[in-house]
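Structure file my_file20.cif (mmCIF, C-alpha atoms; chains and numbers go by the auth columns) is printed below.
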data_input
#
loop_
_atom_site.group_PDB
_atom_site.id
_atom_site.type_symbol
_atom_site.label_atom_id
_atom_site.label_comp_id
_atom_site.label_asym_id
_atom_site.label_seq_id
_atom_site.Cartn_x
_atom_site.Cartn_y
_atom_site.Cartn_z
_atom_site.B_iso_or_equiv
_atom_site.auth_seq_id
_atom_site.auth_asym_id
ATOM 1 C CA MET A 1 22.181 -72.261 25.813 0.00 1 A
ATOM 2 C CA ARG A 2 25.256 -72.371 28.054 0.00 2 A
ATOM 3 C CA LEU A 3 25.253 -68.579 27.980 0.00 3 A
ATOM 4 C CA TYR A 4 21.667 -68.343 29.221 0.00 4 A
ATOM 5 C CA GLY A 5 22.347 -71.012 31.847 0.00 5 A
ATOM 6 C CA ALA A 6 25.195 -68.859 33.136 0.00 6 A
ATOM 7 C CA VAL A 7 22.893 -65.826 33.156 0.00 7 A
ATOM 8 C CA ALA A 8 20.345 -67.767 35.227 0.00 8 A
ATOM 9 C CA VAL A 9 23.026 -68.790 37.731 0.00 9 A
ATOM 10 C CA SER A 10 24.194 -65.181 37.886 0.00 10 A
ATOM 11 C CA GLY A 11 20.615 -64.062 38.563 0.00 11 A
ATOM 12 C CA PHE A 12 20.361 -66.539 41.437 0.00 12 A
ATOM 13 C CA ARG A 13 23.664 -65.370 42.952 0.00 13 A
ATOM 14 C CA ARG A 14 22.738 -61.731 42.541 0.00 14 A
ATOM 15 C CA TYR A 15 19.628 -62.008 44.690 0.00 15 A
ATOM 16 C CA ALA A 16 21.393 -64.318 47.150 0.00 16 A
ATOM 17 C CA THR A 17 23.672 -61.430 48.131 0.00 17 A
ATOM 18 C CA TYR A 18 20.769 -59.461 49.649 0.00 18 A
ATOM 19 C CA ARG A 19 20.613 -61.435 52.881 0.00 19 A
ATOM 20 C CA MET A 20 18.975 -58.779 55.070 0.00 20 A
ATOM 21 C CA ALA A 21 16.351 -58.042 52.427 0.00 21 A
ATOM 22 C CA THR A 22 15.632 -61.764 52.155 0.00 22 A
ATOM 23 C CA ALA A 23 15.276 -62.110 55.929 0.00 23 A
ATOM 24 C CA ALA A 24 12.949 -59.095 56.037 0.00 24 A
ATOM 25 C CA GLY A 25 10.926 -60.579 53.190 0.00 25 A
ATOM 26 C CA VAL A 26 10.594 -63.921 54.973 0.00 26 A
ATOM 27 C CA PHE A 27 9.351 -62.117 58.082 0.00 27 A
ATOM 28 C CA THR A 28 6.860 -60.046 56.066 0.00 28 A
ATOM 29 C CA ASN A 29 5.525 -63.074 54.187 0.00 29 A
ATOM 30 C CA THR A 30 5.111 -64.962 57.450 0.00 30 A
ATOM 31 C CA VAL A 31 3.217 -62.108 59.130 0.00 31 A
ATOM 32 C CA PHE A 32 0.860 -61.703 56.176 0.00 32 A
ATOM 33 C CA GLY A 33 0.447 -65.476 56.101 0.00 33 A
ATOM 34 C CA PHE A 34 -0.890 -65.375 59.660 0.00 34 A
ATOM 35 C CA ILE A 35 -3.166 -62.429 58.905 0.00 35 A
ATOM 36 C CA LEU A 36 -4.689 -64.141 55.870 0.00 36 A
ATOM 37 C CA SER A 37 -4.871 -67.500 57.649 0.00 37 A
ATOM 38 C CA TYR A 38 -6.978 -66.182 60.509 0.00 38 A
ATOM 39 C CA THR A 39 -9.140 -64.295 57.999 0.00 39 A
ATOM 40 C CA TYR A 40 -9.708 -67.556 56.140 0.00 40 A
ATOM 41 C CA VAL A 41 -10.463 -69.385 59.412 0.00 41 A
ATOM 42 C CA ALA A 42 -13.218 -66.850 60.110 0.00 42 A
ATOM 43 C CA LEU A 43 -14.610 -67.144 56.563 0.00 43 A
ATOM 44 C CA TRP A 44 -14.601 -70.940 56.544 0.00 44 A
ATOM 45 C CA ALA A 45 -16.220 -71.009 59.992 0.00 45 A
ATOM 46 C CA GLU A 46 -19.242 -69.317 58.391 0.00 46 A
ATOM 47 C CA LYS A 47 -19.369 -71.637 55.401 0.00 47 A
ATOM 48 C CA ASP A 48 -17.253 -74.731 54.892 0.00 48 A
ATOM 49 C CA ARG A 49 -15.817 -75.758 51.513 0.00 49 A
ATOM 50 C CA LEU A 50 -15.878 -72.280 50.035 0.00 50 A
ATOM 51 C CA GLY A 51 -14.696 -72.429 46.452 0.00 51 A
ATOM 52 C CA GLY A 52 -14.335 -76.205 46.715 0.00 52 A
ATOM 53 C CA TYR A 53 -11.695 -76.113 49.471 0.00 53 A
ATOM 54 C CA ASP A 54 -11.977 -77.422 53.005 0.00 54 A
ATOM 55 C CA LEU A 55 -10.234 -75.400 55.731 0.00 55 A
ATOM 56 C CA PRO A 56 -6.863 -77.228 55.638 0.00 56 A
ATOM 57 C CA GLU A 57 -6.775 -76.836 51.851 0.00 57 A
ATOM 58 C CA ALA A 58 -7.684 -73.150 52.134 0.00 58 A
ATOM 59 C CA LEU A 59 -4.921 -72.563 54.691 0.00 59 A
ATOM 60 C CA THR A 60 -2.461 -74.423 52.477 0.00 60 A
ATOM 61 C CA TYR A 61 -3.513 -72.124 49.644 0.00 61 A
ATOM 62 C CA VAL A 62 -2.700 -69.101 51.832 0.00 62 A
ATOM 63 C CA TRP A 63 0.818 -70.262 52.625 0.00 63 A
ATOM 64 C CA LEU A 64 1.468 -71.291 49.032 0.00 64 A
ATOM 65 C CA GLY A 65 0.551 -67.752 48.092 0.00 65 A
ATOM 66 C CA GLN A 66 3.124 -66.372 50.490 0.00 66 A
ATOM 67 C CA ALA A 67 5.740 -68.819 49.220 0.00 67 A
ATOM 68 C CA LEU A 68 5.093 -67.870 45.595 0.00 68 A
ATOM 69 C CA LEU A 69 4.460 -64.136 45.997 0.00 69 A
ATOM 70 C CA MET A 70 8.010 -63.150 45.058 0.00 70 A
ATOM 71 C CA THR A 71 8.805 -66.329 43.143 0.00 71 A
ATOM 72 C CA VAL A 72 6.330 -65.527 40.382 0.00 72 A
ATOM 73 C CA ALA A 73 6.502 -61.768 41.042 0.00 73 A
ATOM 74 C CA MET A 74 2.742 -61.345 41.392 0.00 74 A
ATOM 75 C CA MET A 75 3.134 -57.642 42.154 0.00 75 A
ATOM 76 C CA GLY A 76 5.705 -57.111 39.429 0.00 76 A
ATOM 77 C CA GLY A 77 9.341 -56.309 40.073 0.00 77 A
ATOM 78 C CA GLY A 78 12.398 -58.344 39.280 0.00 78 A
ATOM 79 C CA PHE A 79 14.083 -57.100 36.130 0.00 79 A
ATOM 80 C CA THR A 80 11.426 -54.506 35.255 0.00 80 A
ATOM 81 C CA ASP A 81 12.853 -51.401 36.935 0.00 81 A
ATOM 82 C CA GLU A 82 16.356 -52.084 35.644 0.00 82 A
ATOM 83 C CA LEU A 83 15.305 -52.654 32.042 0.00 83 A
ATOM 84 C CA ILE A 84 12.919 -49.682 32.068 0.00 84 A
ATOM 85 C CA GLU A 85 15.806 -47.472 33.198 0.00 85 A
ATOM 86 C CA ARG A 86 18.040 -48.875 30.444 0.00 86 A
ATOM 87 C CA ILE A 87 15.350 -48.056 27.890 0.00 87 A
ATOM 88 C CA ARG A 88 14.864 -44.562 29.307 0.00 88 A
ATOM 89 C CA SER A 89 18.603 -43.812 29.299 0.00 89 A
ATOM 90 C CA GLY A 90 19.239 -45.426 25.931 0.00 90 A
ATOM 91 C CA ASP A 91 21.611 -48.075 27.296 0.00 91 A
ATOM 92 C CA VAL A 92 19.299 -50.699 25.833 0.00 92 A
ATOM 93 C CA ALA A 93 20.891 -49.911 22.466 0.00 93 A
ATOM 94 C CA ILE A 94 24.095 -51.509 23.791 0.00 94 A
ATOM 95 C CA ASP A 95 22.103 -54.578 24.865 0.00 95 A
ATOM 96 C CA LEU A 96 20.625 -54.918 21.398 0.00 96 A
ATOM 97 C CA TYR A 97 24.077 -54.998 19.805 0.00 97 A
ATOM 98 C CA ARG A 98 25.269 -57.828 22.044 0.00 98 A
ATOM 99 C CA PRO A 99 25.407 -61.356 20.550 0.00 99 A
ATOM 100 C CA ALA A 100 22.546 -62.500 22.772 0.00 100 A
ATOM 101 C CA ASP A 101 18.781 -62.378 22.461 0.00 101 A
ATOM 102 C CA LEU A 102 17.408 -59.578 24.647 0.00 102 A
ATOM 103 C CA GLN A 103 14.244 -61.405 25.652 0.00 103 A
ATOM 104 C CA LEU A 104 15.976 -64.720 26.394 0.00 104 A
ATOM 105 C CA TRP A 105 18.700 -62.942 28.382 0.00 105 A
ATOM 106 C CA TRP A 106 16.216 -61.344 30.752 0.00 106 A
ATOM 107 C CA LEU A 107 14.096 -64.507 30.919 0.00 107 A
ATOM 108 C CA ALA A 108 17.142 -66.511 32.010 0.00 108 A
ATOM 109 C CA ALA A 109 18.001 -63.901 34.641 0.00 109 A
ATOM 110 C CA ASP A 110 14.409 -63.933 35.886 0.00 110 A
ATOM 111 C CA LEU A 111 14.376 -67.721 36.176 0.00 111 A
ATOM 112 C CA GLY A 112 17.474 -67.480 38.363 0.00 112 A
ATOM 113 C CA ARG A 113 15.777 -64.819 40.497 0.00 113 A
ATOM 114 C CA ALA A 114 12.662 -66.972 40.834 0.00 114 A
ATOM 115 C CA ALA A 115 14.679 -70.022 41.884 0.00 115 A
ATOM 116 C CA PHE A 116 16.327 -68.036 44.664 0.00 116 A
ATOM 117 C CA HIS A 117 13.045 -66.592 45.926 0.00 117 A
ATOM 118 C CA LEU A 118 11.412 -70.021 45.955 0.00 118 A
ATOM 119 C CA LEU A 119 14.219 -71.353 48.136 0.00 119 A
ATOM 120 C CA GLY A 120 15.096 -68.197 50.051 0.00 120 A
ATOM 121 C CA ARG A 121 11.643 -66.748 50.699 0.00 121 A
ATOM 122 C CA GLY A 122 9.290 -69.643 50.040 0.00 122 A
ATOM 123 C CA ILE A 123 10.374 -72.517 52.241 0.00 123 A
ATOM 124 C CA VAL A 124 10.552 -70.836 55.666 0.00 124 A
ATOM 125 C CA PRO A 125 7.064 -69.266 55.635 0.00 125 A
ATOM 126 C CA MET A 126 5.630 -72.589 54.458 0.00 126 A
ATOM 127 C CA LEU A 127 7.382 -74.410 57.317 0.00 127 A
ATOM 128 C CA VAL A 128 6.136 -71.890 59.871 0.00 128 A
ATOM 129 C CA GLY A 129 2.597 -72.172 58.524 0.00 129 A
ATOM 130 C CA GLY A 130 2.831 -75.961 58.720 0.00 130 A
ATOM 131 C CA LEU A 131 3.911 -75.818 62.365 0.00 131 A
ATOM 132 C CA VAL A 132 0.952 -73.649 63.396 0.00 132 A
ATOM 133 C CA PHE A 133 -1.835 -74.805 61.087 0.00 133 A
ATOM 134 C CA ASP A 134 -3.023 -78.108 59.678 0.00 134 A
ATOM 135 C CA LEU A 135 -1.815 -77.903 56.090 0.00 135 A
ATOM 136 C CA VAL A 136 -2.265 -80.390 53.260 0.00 136 A
ATOM 137 C CA LEU A 137 1.156 -81.603 52.110 0.00 137 A
ATOM 138 C CA PRO A 138 1.378 -84.139 49.257 0.00 138 A
ATOM 139 C CA ALA A 139 2.809 -87.517 50.173 0.00 139 A
ATOM 140 C CA ASP A 140 3.558 -88.410 46.547 0.00 140 A
ATOM 141 C CA PRO A 141 6.893 -86.987 45.277 0.00 141 A
ATOM 142 C CA LEU A 142 5.407 -86.820 41.788 0.00 142 A
ATOM 143 C CA VAL A 143 2.912 -84.226 43.004 0.00 143 A
ATOM 144 C CA TRP A 144 5.795 -82.066 44.206 0.00 144 A
ATOM 145 C CA LEU A 145 7.468 -82.400 40.808 0.00 145 A
ATOM 146 C CA ALA A 146 4.197 -81.550 39.063 0.00 146 A
ATOM 147 C CA PHE A 147 3.885 -78.503 41.307 0.00 147 A
ATOM 148 C CA LEU A 148 7.429 -77.326 40.518 0.00 148 A
ATOM 149 C CA LEU A 149 6.756 -77.631 36.789 0.00 149 A
ATOM 150 C CA SER A 150 3.572 -75.598 37.168 0.00 150 A
ATOM 151 C CA VAL A 151 5.459 -72.955 39.163 0.00 151 A
ATOM 152 C CA THR A 152 8.111 -72.779 36.438 0.00 152 A
ATOM 153 C CA LEU A 153 5.452 -72.216 33.798 0.00 153 A
ATOM 154 C CA GLY A 154 3.908 -69.586 36.070 0.00 154 A
ATOM 155 C CA VAL A 155 7.241 -67.774 36.288 0.00 155 A
ATOM 156 C CA VAL A 156 7.526 -67.745 32.491 0.00 156 A
ATOM 157 C CA VAL A 157 3.993 -66.356 32.135 0.00 157 A
ATOM 158 C CA SER A 158 4.774 -63.714 34.756 0.00 158 A
ATOM 159 C CA PHE A 159 7.973 -62.769 32.943 0.00 159 A
ATOM 160 C CA ALA A 160 6.127 -62.468 29.647 0.00 160 A
ATOM 161 C CA ILE A 161 3.562 -60.118 31.186 0.00 161 A
ATOM 162 C CA ARG A 162 6.242 -57.975 32.824 0.00 162 A
ATOM 163 C CA TYR A 163 8.294 -57.902 29.631 0.00 163 A
ATOM 164 C CA LEU A 164 5.325 -56.438 27.760 0.00 164 A
ATOM 165 C CA VAL A 165 4.946 -53.868 30.531 0.00 165 A
ATOM 166 C CA VAL A 166 8.626 -52.929 30.238 0.00 166 A
ATOM 167 C CA LEU A 167 8.402 -52.462 26.476 0.00 167 A
ATOM 168 C CA THR A 168 5.822 -49.688 26.934 0.00 168 A
ATOM 169 C CA ALA A 169 8.742 -47.564 28.175 0.00 169 A
ATOM 170 C CA PHE A 170 9.907 -47.242 24.562 0.00 170 A
ATOM 171 C CA TRP A 171 6.908 -44.973 24.019 0.00 171 A
ATOM 172 C CA LEU A 172 6.140 -43.688 27.531 0.00 172 A
ATOM 173 C CA LEU A 173 9.783 -43.289 28.670 0.00 173 A
ATOM 174 C CA ASP A 174 8.573 -44.086 32.196 0.00 174 A
ATOM 175 C CA GLY A 175 6.835 -47.404 32.776 0.00 175 A
ATOM 176 C CA ALA A 176 6.075 -46.851 36.475 0.00 176 A
ATOM 177 C CA GLY A 177 2.360 -46.252 35.951 0.00 177 A
ATOM 178 C CA VAL A 178 1.877 -49.283 33.721 0.00 178 A
ATOM 179 C CA SER A 179 3.909 -51.393 36.164 0.00 179 A
ATOM 180 C CA GLN A 180 1.688 -50.363 39.064 0.00 180 A
ATOM 181 C CA VAL A 181 -1.489 -51.187 37.169 0.00 181 A
ATOM 182 C CA ALA A 182 -0.063 -54.557 36.126 0.00 182 A
ATOM 183 C CA GLY A 183 0.954 -55.243 39.732 0.00 183 A
ATOM 184 C CA LEU A 184 -2.564 -54.582 40.995 0.00 184 A
ATOM 185 C CA ALA A 185 -3.983 -56.825 38.284 0.00 185 A
ATOM 186 C CA GLY A 186 -1.497 -59.520 39.255 0.00 186 A
ATOM 187 C CA ILE A 187 -2.532 -59.477 42.918 0.00 187 A
ATOM 188 C CA PHE A 188 -6.248 -59.550 42.121 0.00 188 A
ATOM 189 C CA PHE A 189 -6.393 -61.957 39.174 0.00 189 A
ATOM 190 C CA SER A 190 -3.730 -64.399 40.377 0.00 190 A
ATOM 191 C CA GLY A 191 -5.923 -65.379 43.329 0.00 191 A
ATOM 192 C CA MET A 192 -3.572 -63.910 45.925 0.00 192 A
ATOM 193 C CA LEU A 193 -6.369 -62.256 47.885 0.00 193 A
ATOM 194 C CA LEU A 194 -8.958 -65.011 47.453 0.00 194 A
ATOM 195 C CA PRO A 195 -9.012 -68.178 45.348 0.00 195 A
ATOM 196 C CA LEU A 196 -10.452 -67.446 41.920 0.00 196 A
ATOM 197 C CA THR A 197 -12.998 -70.223 42.461 0.00 197 A
ATOM 198 C CA LEU A 198 -14.724 -67.867 44.927 0.00 198 A
ATOM 199 C CA PHE A 199 -15.232 -65.162 42.303 0.00 199 A
ATOM 200 C CA PRO A 200 -18.874 -65.074 41.197 0.00 200 A
ATOM 201 C CA GLY A 201 -20.323 -65.712 37.743 0.00 201 A
ATOM 202 C CA GLY A 202 -18.734 -64.061 34.757 0.00 202 A
ATOM 203 C CA LEU A 203 -16.039 -62.391 36.845 0.00 203 A
ATOM 204 C CA GLY A 204 -14.843 -65.798 38.029 0.00 204 A
ATOM 205 C CA GLU A 205 -14.821 -67.212 34.506 0.00 205 A
ATOM 206 C CA LEU A 206 -12.894 -64.184 33.255 0.00 206 A
ATOM 207 C CA ALA A 207 -10.374 -64.328 36.108 0.00 207 A
ATOM 208 C CA ARG A 208 -9.692 -68.023 35.563 0.00 208 A
ATOM 209 C CA ALA A 209 -9.230 -67.443 31.815 0.00 209 A
ATOM 210 C CA LEU A 210 -6.702 -64.615 32.201 0.00 210 A
ATOM 211 C CA PRO A 211 -2.955 -65.367 32.264 0.00 211 A
ATOM 212 C CA TRP A 212 -2.548 -64.245 35.886 0.00 212 A
ATOM 213 C CA SER A 213 -4.321 -67.397 37.073 0.00 213 A
ATOM 214 C CA SER A 214 -1.162 -69.243 36.002 0.00 214 A
ATOM 215 C CA LEU A 215 0.803 -67.489 38.742 0.00 215 A
ATOM 216 C CA LEU A 216 -0.914 -68.923 41.836 0.00 216 A
ATOM 217 C CA GLN A 217 -4.329 -70.475 41.270 0.00 217 A
ATOM 218 C CA ILE A 218 -3.145 -73.244 38.949 0.00 218 A
ATOM 219 C CA PRO A 219 0.091 -74.127 40.825 0.00 219 A
ATOM 220 C CA ALA A 220 -1.837 -74.193 44.119 0.00 220 A
ATOM 221 C CA ASP A 221 -4.494 -76.487 42.661 0.00 221 A
ATOM 222 C CA VAL A 222 -1.773 -78.781 41.303 0.00 222 A
ATOM 223 C CA PHE A 223 -0.222 -78.896 44.779 0.00 223 A
ATOM 224 C CA LEU A 224 -3.607 -79.675 46.349 0.00 224 A
ATOM 225 C CA GLY A 225 -4.337 -82.447 43.856 0.00 225 A
ATOM 226 C CA LYS A 226 -7.180 -80.633 42.116 0.00 226 A
ATOM 227 C CA HIS A 227 -5.568 -81.324 38.735 0.00 227 A
ATOM 228 C CA THR A 228 -4.727 -84.934 37.925 0.00 228 A
ATOM 229 C CA GLY A 229 -4.432 -87.010 34.770 0.00 229 A
ATOM 230 C CA TRP A 230 -5.737 -85.239 31.702 0.00 230 A
ATOM 231 C CA GLY A 231 -6.797 -82.332 33.909 0.00 231 A
ATOM 232 C CA LEU A 232 -3.167 -81.796 34.876 0.00 232 A
ATOM 233 C CA LEU A 233 -2.120 -81.822 31.222 0.00 233 A
ATOM 234 C CA GLY A 234 -4.882 -79.319 30.532 0.00 234 A
ATOM 235 C CA ALA A 235 -3.559 -77.043 33.294 0.00 235 A
ATOM 236 C CA TYR A 236 -0.060 -77.248 31.850 0.00 236 A
ATOM 237 C CA GLY A 237 -1.448 -76.576 28.392 0.00 237 A
ATOM 238 C CA PHE A 238 -3.236 -73.473 29.667 0.00 238 A
ATOM 239 C CA GLN A 239 -0.057 -72.116 31.239 0.00 239 A
ATOM 240 C CA ALA A 240 2.148 -73.043 28.293 0.00 240 A
ATOM 241 C CA GLY A 241 -0.347 -71.563 25.841 0.00 241 A
ATOM 242 C CA TRP A 242 -0.339 -68.206 27.621 0.00 242 A
ATOM 243 C CA ALA A 243 3.459 -68.341 27.910 0.00 243 A
ATOM 244 C CA VAL A 244 3.899 -68.881 24.160 0.00 244 A
ATOM 245 C CA LEU A 245 1.289 -66.264 23.264 0.00 245 A
ATOM 246 C CA LEU A 246 2.684 -63.583 25.566 0.00 246 A
ATOM 247 C CA LEU A 247 6.320 -64.284 24.723 0.00 247 A
ATOM 248 C CA GLY A 248 5.406 -64.057 21.052 0.00 248 A
ATOM 249 C CA ALA A 249 3.596 -60.774 21.666 0.00 249 A
ATOM 250 C CA GLY A 250 6.650 -59.474 23.527 0.00 250 A
ATOM 251 C CA ARG A 251 8.947 -60.414 20.661 0.00 251 A
ATOM 252 C CA ALA A 252 6.651 -58.741 18.139 0.00 252 A
ATOM 253 C CA LEU A 253 6.357 -55.575 20.233 0.00 253 A
ATOM 254 C CA GLN A 254 10.125 -55.534 20.748 0.00 254 A
ATOM 255 C CA SER A 255 10.611 -55.688 16.997 0.00 255 A
ATOM 256 C CA VAL A 256 8.315 -52.707 16.519 0.00 256 A
ATOM 257 C CA ALA A 257 9.949 -50.755 19.344 0.00 257 A
ATOM 258 C CA THR A 258 13.520 -51.289 18.205 0.00 258 A
ATOM 259 C CA ARG A 259 13.022 -50.232 14.594 0.00 259 A
ATOM 260 C CA LYS A 260 13.722 -46.749 15.860 0.00 260 A
ATOM 261 C CA VAL A 261 14.991 -46.255 19.390 0.00 261 A
ATOM 262 C CA VAL A 262 14.109 -42.872 20.854 0.00 262 A
ATOM 263 C CA VAL A 263 15.469 -41.957 24.285 0.00 263 A
ATOM 264 C CA GLN A 264 14.751 -39.046 26.536 0.00 264 A
ATOM 265 C CA GLY A 265 16.930 -36.092 25.619 0.00 265 A
ATOM 266 C CA GLY A 266 17.417 -36.842 21.930 0.00 266 A
#
Show the structure stored in the file as C-alpha cells.
Amino acid sequence: MRLYGAVAVSGFRRYATYRMATAAGVFTNTVFGFILSYTYVALWAEKDRLGGYDLPEALTYVWLGQALLMTVAMMGGGFTDELIERIRSGDVAIDLYRPADLQLWWLAADLGRAAFHLLGRGIVPMLVGGLVFDLVLPADPLVWLAFLLSVTLGVVVSFAIRYLVVLTAFWLLDGAGVSQVAGLAGIFFSGMLLPLTLFPGGLGELARALPWSSLLQIPADVFLGKHTGWGLLGAYGFQAGWAVLLLGAGRALQSVATRKVVVQGG
C-alpha cells in the first residue's frame, strides 16, 4: 500500500506542475459558473423549488458542479489518453510485467490527480461564487466530511468508468470515439447541466440509477443536506456498489484483454 500511496502523491505533484493550465481552468470554471448561475436565476424566477431546490440551493449546486468538474473528471480525461496510447503502442506489456497491479496503480494516480483538482481548481470558483451569490454552506463540519467521502467515492466510480473505456483500446486500438461518447454521457447523466431531479418520469429514474449520478448529483445532495441518517448511508451504498461493480468489471475485462496482447503493427 505504501507503493500506491507514493503513486497518489506523485499524481498530485504531477498535476501541480501545470500552474498556467490550472489558472486557466479556474478562470474557465468561474466564467461557466456565472453563465449557469444566471441561467438558473432565470429558471427559478419562473418556478421556485424546481427539482426540490430553492434558489440558493440551486446556485450552490451550480458552483459545486464547477468545483467537481475536473475533480471527478465528468467529461473524461485524466489517465485515459496516456493509458490508451500505451495500449496502442504496446508499452502496456511492460506495465503488466511490473510488480504492481495495473488497475490499482492507475487508480492511485487518479486519486492524486483528483485531490489536486479539488484544491487547485475547486476552491477558488466556489469562493468567487460565494462572494457574488447567496450560497448554502454547511455549518456542521461533519457535513463537510460526509461530502468529501461522497466525492472520493464519486472519483472511484468515475475512474472505474474511464478504465473500462480505456480497455476498449485493446480491441479498437484507438479509444478516442468511446472516450468522447463516455464524456458526453458523463456531462448529461451526472447532473452537470441540470440536477437529475428535474429530469421527467422514466428518464429521471434511469439517470438517477446510472453510475454517473455518483459524480455530482449525490455529492451535491450530501453537501446540501438532502441525505442524512440512513439516507446518507444509502447514498454511500449506492456509490460504493457501483464502484465495486465497475471495478470488478474492469478487472474481468482486463483479464480477457491481456490473455493475448495485440498492438498496432504486429
Compare A:Ile218, A:Leu196, A:Leu149, A:Leu142 by their minimum atom-to-atom distance to Gly231 (chain A), counting all atoms listed in the file, and give me the closest one.
->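 Selected residue with least distance to Gly231 (chain A): A:Ile218.
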Tell me, counting all atoms listed in the file, for each residue of region 59-159 of chain A within 12 Å of region 184-191 of chain A, which pair of atoms is nearest and how far apart they are in Å to one decimal, in rows ordered by chain and increasing number, as JSON lines.
{"residue": "A:Tyr61", "atom": "CA", "partner": "A:Gly191", "partner_atom": "CA", "distance": 9.5}
{"residue": "A:Val62", "atom": "CA", "partner": "A:Gly191", "partner_atom": "CA", "distance": 9.8}
{"residue": "A:Leu64", "atom": "CA", "partner": "A:Gly191", "partner_atom": "CA", "distance": 11.1}
{"residue": "A:Gly65", "atom": "CA", "partner": "A:Gly191", "partner_atom": "CA", "distance": 8.4}
{"residue": "A:Gln66", "atom": "CA", "partner": "A:Gly191", "partner_atom": "CA", "distance": 11.6}
{"residue": "A:Leu68", "atom": "CA", "partner": "A:Ser190", "partner_atom": "CA", "distance": 10.8}
{"residue": "A:Leu69", "atom": "CA", "partner": "A:Ile187", "partner_atom": "CA", "distance": 8.9}
{"residue": "A:Met70", "atom": "CA", "partner": "A:Ile187", "partner_atom": "CA", "distance": 11.4}
{"residue": "A:Val72", "atom": "CA", "partner": "A:Gly186", "partner_atom": "CA", "distance": 9.9}
{"residue": "A:Ala73", "atom": "CA", "partner": "A:Gly186", "partner_atom": "CA", "distance": 8.5}
{"residue": "A:Met74", "atom": "CA", "partner": "A:Gly186", "partner_atom": "CA", "distance": 5.1}
{"residue": "A:Met75", "atom": "CA", "partner": "A:Gly186", "partner_atom": "CA", "distance": 5.8}
{"residue": "A:Gly76", "atom": "CA", "partner": "A:Gly186", "partner_atom": "CA", "distance": 7.6}
{"residue": "A:Gly77", "atom": "CA", "partner": "A:Gly186", "partner_atom": "CA", "distance": 11.3}
{"residue": "A:Gly154", "atom": "CA", "partner": "A:Ser190", "partner_atom": "CA", "distance": 10.2}
{"residue": "A:Val157", "atom": "CA", "partner": "A:Gly186", "partner_atom": "CA", "distance": 11.3}
{"residue": "A:Ser158", "atom": "CA", "partner": "A:Gly186", "partner_atom": "CA", "distance": 8.8}
{"residue": "A:Phe159", "atom": "CA", "partner": "A:Gly186", "partner_atom": "CA", "distance": 11.8}
List every protein, DNA or RNA residue with an atom no more than 12 Å from (5.5, -47.9, 27.6) in the file's coordinates, counting all atoms listed in the file, and format the result as an MDAnalysis selection string.
-> chainID A and resid 80 83:85 87:88 162:179 253:254 257
Could you produce a table of the residues of region 71-177 of chain A lying within 10 Å of region 20-37 of chain A, with the nearest pair of atoms per residue and their separation in Å rounded to one decimal, using all atoms listed in the file, ordered by chain and increasing residue number, as CSV?
residue,atom,partner,partner_atom,distance
A:Phe116,CA,A:Thr22,CA,9.8
A:His117,CA,A:Thr22,CA,8.3
A:Gly120,CA,A:Thr22,CA,6.8
A:Arg121,CA,A:Val26,CA,5.2
A:Gly122,CA,A:Val26,CA,7.7
A:Ile123,CA,A:Val26,CA,9.0
A:Val124,CA,A:Val26,CA,6.9
A:Pro125,CA,A:Thr30,CA,5.1
A:Met126,CA,A:Thr30,CA,8.2
A:Leu127,CA,A:Thr30,CA,9.7
A:Val128,CA,A:Thr30,CA,7.4
A:Gly129,CA,A:Gly33,CA,7.4
A:Val132,CA,A:Phe34,CA,9.3
A:Phe133,CA,A:Ser37,CA,8.6
Writer output for current selection, C-alpha atoms, as a PDB file, keeping the file's coordinate frame:
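The result, stored in selection_5.pdb:
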ATOM      1  CA  PHE A 116      16.327 -68.036  44.664  1.00  0.00           C
ATOM      2  CA  HIS A 117      13.045 -66.592  45.926  1.00  0.00           C
ATOM      3  CA  GLY A 120      15.096 -68.197  50.051  1.00  0.00           C
ATOM      4  CA  ARG A 121      11.643 -66.748  50.699  1.00  0.00           C
ATOM      5  CA  GLY A 122       9.290 -69.643  50.040  1.00  0.00           C
ATOM      6  CA  ILE A 123      10.374 -72.517  52.241  1.00  0.00           C
ATOM      7  CA  VAL A 124      10.552 -70.836  55.666  1.00  0.00           C
ATOM      8  CA  PRO A 125       7.064 -69.266  55.635  1.00  0.00           C
ATOM      9  CA  MET A 126       5.630 -72.589  54.458  1.00  0.00           C
ATOM     10  CA  LEU A 127       7.382 -74.410  57.317  1.00  0.00           C
ATOM     11  CA  VAL A 128       6.136 -71.890  59.871  1.00  0.00           C
ATOM     12  CA  GLY A 129       2.597 -72.172  58.524  1.00  0.00           C
ATOM     13  CA  VAL A 132       0.952 -73.649  63.396  1.00  0.00           C
ATOM     14  CA  PHE A 133      -1.835 -74.805  61.087  1.00  0.00           C
TER      15      PHE A 133
END
Compile the contact shell of Leu247 (chain A) as an mmCIF file with C-alpha atoms, in the coordinates of the input: residues with an atom at most 8 Å away, counting only C-alpha atoms, same-chain residues fewer than 4 positions apart removed.
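Written out: around_39.cif:
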data_model
loop_
_atom_site.group_PDB
_atom_site.id
_atom_site.type_symbol
_atom_site.label_atom_id
_atom_site.label_comp_id
_atom_site.auth_asym_id
_atom_site.auth_seq_id
_atom_site.Cartn_x
_atom_site.Cartn_y
_atom_site.Cartn_z
ATOM 1 C CA ALA A 160 6.127 -62.468 29.647
ATOM 2 C CA ALA A 243 3.459 -68.341 27.910
ATOM 3 C CA ARG A 251 8.947 -60.414 20.661
#
Taking into account only C-alpha atoms, which residue in the set A:Leu43, A:Leu119, A:Val222, A:Leu153 is nearest to Ala16 (chain A)?
->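 That would be A:Leu119, the residue with the smallest distance to Ala16 (chain A).
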